[in-house]
Amino acid sequence: MSRRRAFTVTPTGVGRRDWSQSIELAVQAEVRSHEYRYNWAVEAELDTYAFPDTHFVLLQFQDEAGNVLDYVPSDVKYLIYDLFMSGDYNALTIAALERYSYPLVLTDPNAAFIETIAMIFGYGSAKIKLTEGHLAELGSAYMVSLNQWSELDEFTASFIVHAYTDLMVG
Amino acid sequence: MSKVKKDKDKKPKKAKRVKVKKVKGRYTITAGNKTIDRDEFHVYGIDIKERKEAG
């Protein structure tokens with residue numbers, strides 16, 4: 001038989017006070033407002049690789065001082081919530097969001113791989129919608145895929161990634 | 001003779017994966033009313049099957 005234990009929830013972050021003492025889960029807003037949005041967009045013409053080879057692009061983040069980094073800074077939070085990948089052919093298309101340790105091993109990016117947050121396949125386009133979002137982990141690098149497996153030598157691919165942030169972006 | 005015929009029938013080879021490559025394109029970050037634009041960025045070639053075994 002399980003016994004409920006009383007414990008104190010230490011208030012953290014910014015937002016309303018947490019009155020959730022004595023319950024198991026407490027929800028505390030990490031990101032202050034949906035007004036602060038952070039979006040990445042990429043468009044490029046790329047060589048068509050043969051499956052399972054895939055193009056990946058690093059997401060870049062800003063710290064409080066405005067420096068653009070290849071990893072998640074410790075002073076800003078990012079909540080990634082969707083990713084849309086599209087190409088110019090109706091061919092097998094991948095949308096993937098993955099976490100890597102930083103720095104990446106440039107000769108072998110797979111060596112720094114930690115986890116796949118989401119991976120979706122489609123034709124012509126593919127979309128990932130993270131219902132609860134993914135809170136980017138500080139110090140990690142994030143990459144998204146940018147690939148279509150068509151019969152042609154080249155393709156034009158684009159992606160857009162949306163996130164919320166507590167960075168004061170004006 | 002048969003070897004020559006075989007070569008003709010072969011499909012054109014797809015580009016070989018390059019591990020890191022600088023490509024020309026558009027990389028934009030929009031943060032509020034601020035925009036960061038790049039016209040060159042790195043693209044990593046990753047084998048997604050090979051990658052499953054890592055980590």
# chains A, B, ... in the order shown; residues from 1 in each chain; ligands from 1

call {"tool": "residues_around", "arguments": {"residues": "B:Asp39", "least_positions_apart": "4", "cutoff": "6 Å", "atoms": "only C-alpha atoms", "output": "ChimeraX atom specification"}}
result
/B:24-26

call {"tool": "write_last_selection", "arguments": {"atoms": "N, CA and C atoms", "output": "PDB file, in the first residue's frame"}}
result
ATOM      1  N   LYS B  24      25.899  27.357 -49.529  1.00  0.00           N
ATOM      2  CA  LYS B  24      25.311  28.686 -49.688  1.00  0.00           C
ATOM      3  C   LYS B  24      23.796  28.536 -49.635  1.00  0.00           C
ATOM      4  N   GLY B  25      23.179  29.374 -48.893  1.00  0.00           N
ATOM      5  CA  GLY B  25      21.735  29.301 -48.749  1.00  0.00           C
ATOM      6  C   GLY B  25      21.292  30.421 -47.837  1.00  0.00           C
ATOM      7  N   ARG B  26      20.136  30.259 -47.234  1.00  0.00           N
ATOM      8  CA  ARG B  26      19.645  31.305 -46.338  1.00  0.00           C
ATOM      9  C   ARG B  26      19.357  30.690 -44.975  1.00  0.00           C
TER      10      ARG B  26
END

call {"tool": "closest_atom_pairs", "arguments": {"of": "chain B", "to": "chain A", "cutoff": "7 Å", "atoms": "only C-alpha atoms", "output": "CSV"}}
result
residue,atom,partner,partner_atom,distance
B:Lys14,CA,A:Tyr49,CA,6.0
B:Ala15,CA,A:Tyr49,CA,5.6
B:Lys16,CA,A:Tyr49,CA,6.6
B:Arg17,CA,A:Tyr49,CA,6.4
B:Lys19,CA,A:Thr107,CA,6.2
B:Val20,CA,A:Leu106,CA,6.5
B:Lys24,CA,A:Ala44,CA,6.7
B:Gly25,CA,A:Ala44,CA,4.3
B:Arg26,CA,A:Glu43,CA,5.1
B:Tyr27,CA,A:Val42,CA,4.4
B:Thr28,CA,A:Ala41,CA,5.1
B:Ile29,CA,A:Trp40,CA,4.6
B:Thr30,CA,A:Asn39,CA,5.1
B:Ala31,CA,A:Tyr38,CA,4.7
B:Gly32,CA,A:Val169,CA,4.9
B:Asn33,CA,A:Gly170,CA,6.2
B:His42,CA,A:Val57,CA,6.7
B:Val43,CA,A:Val57,CA,5.1
B:Tyr44,CA,A:Phe56,CA,4.9
B:Gly45,CA,A:His55,CA,4.8
B:Ile46,CA,A:Thr54,CA,5.2
B:Asp47,CA,A:Asp53,CA,4.3
B:Ile48,CA,A:Pro52,CA,5.7
B:Lys49,CA,A:Pro52,CA,6.4
B:Arg51,CA,A:Asn110,CA,5.4
B:Ala54,CA,A:Phe113,CA,6.4
B:Gly55,CA,A:Ile114,CA,4.9

call {"tool": "atom_distance", "arguments": {"atom1": "atom CA of A:Tyr142", "atom2": "atom CA of A:Ala126"}}
result
18.1 Å

call {"tool": "select_by_dssp", "arguments": {"residues": "stretch 133-168 of chain A", "states": "strand (DSSP E or B)", "output": "list in words"}}
result
Gly133, His134, Leu135, Ser140, Ala141, Tyr142, Met143, Val144, Ser145, Asn147, Gln148, Trp149, Glu154, Phe155, Thr156, Ala157, Ser158, Phe159, Ile160, Val161, His162, Ala163, Tyr164 and Thr165 of chain A
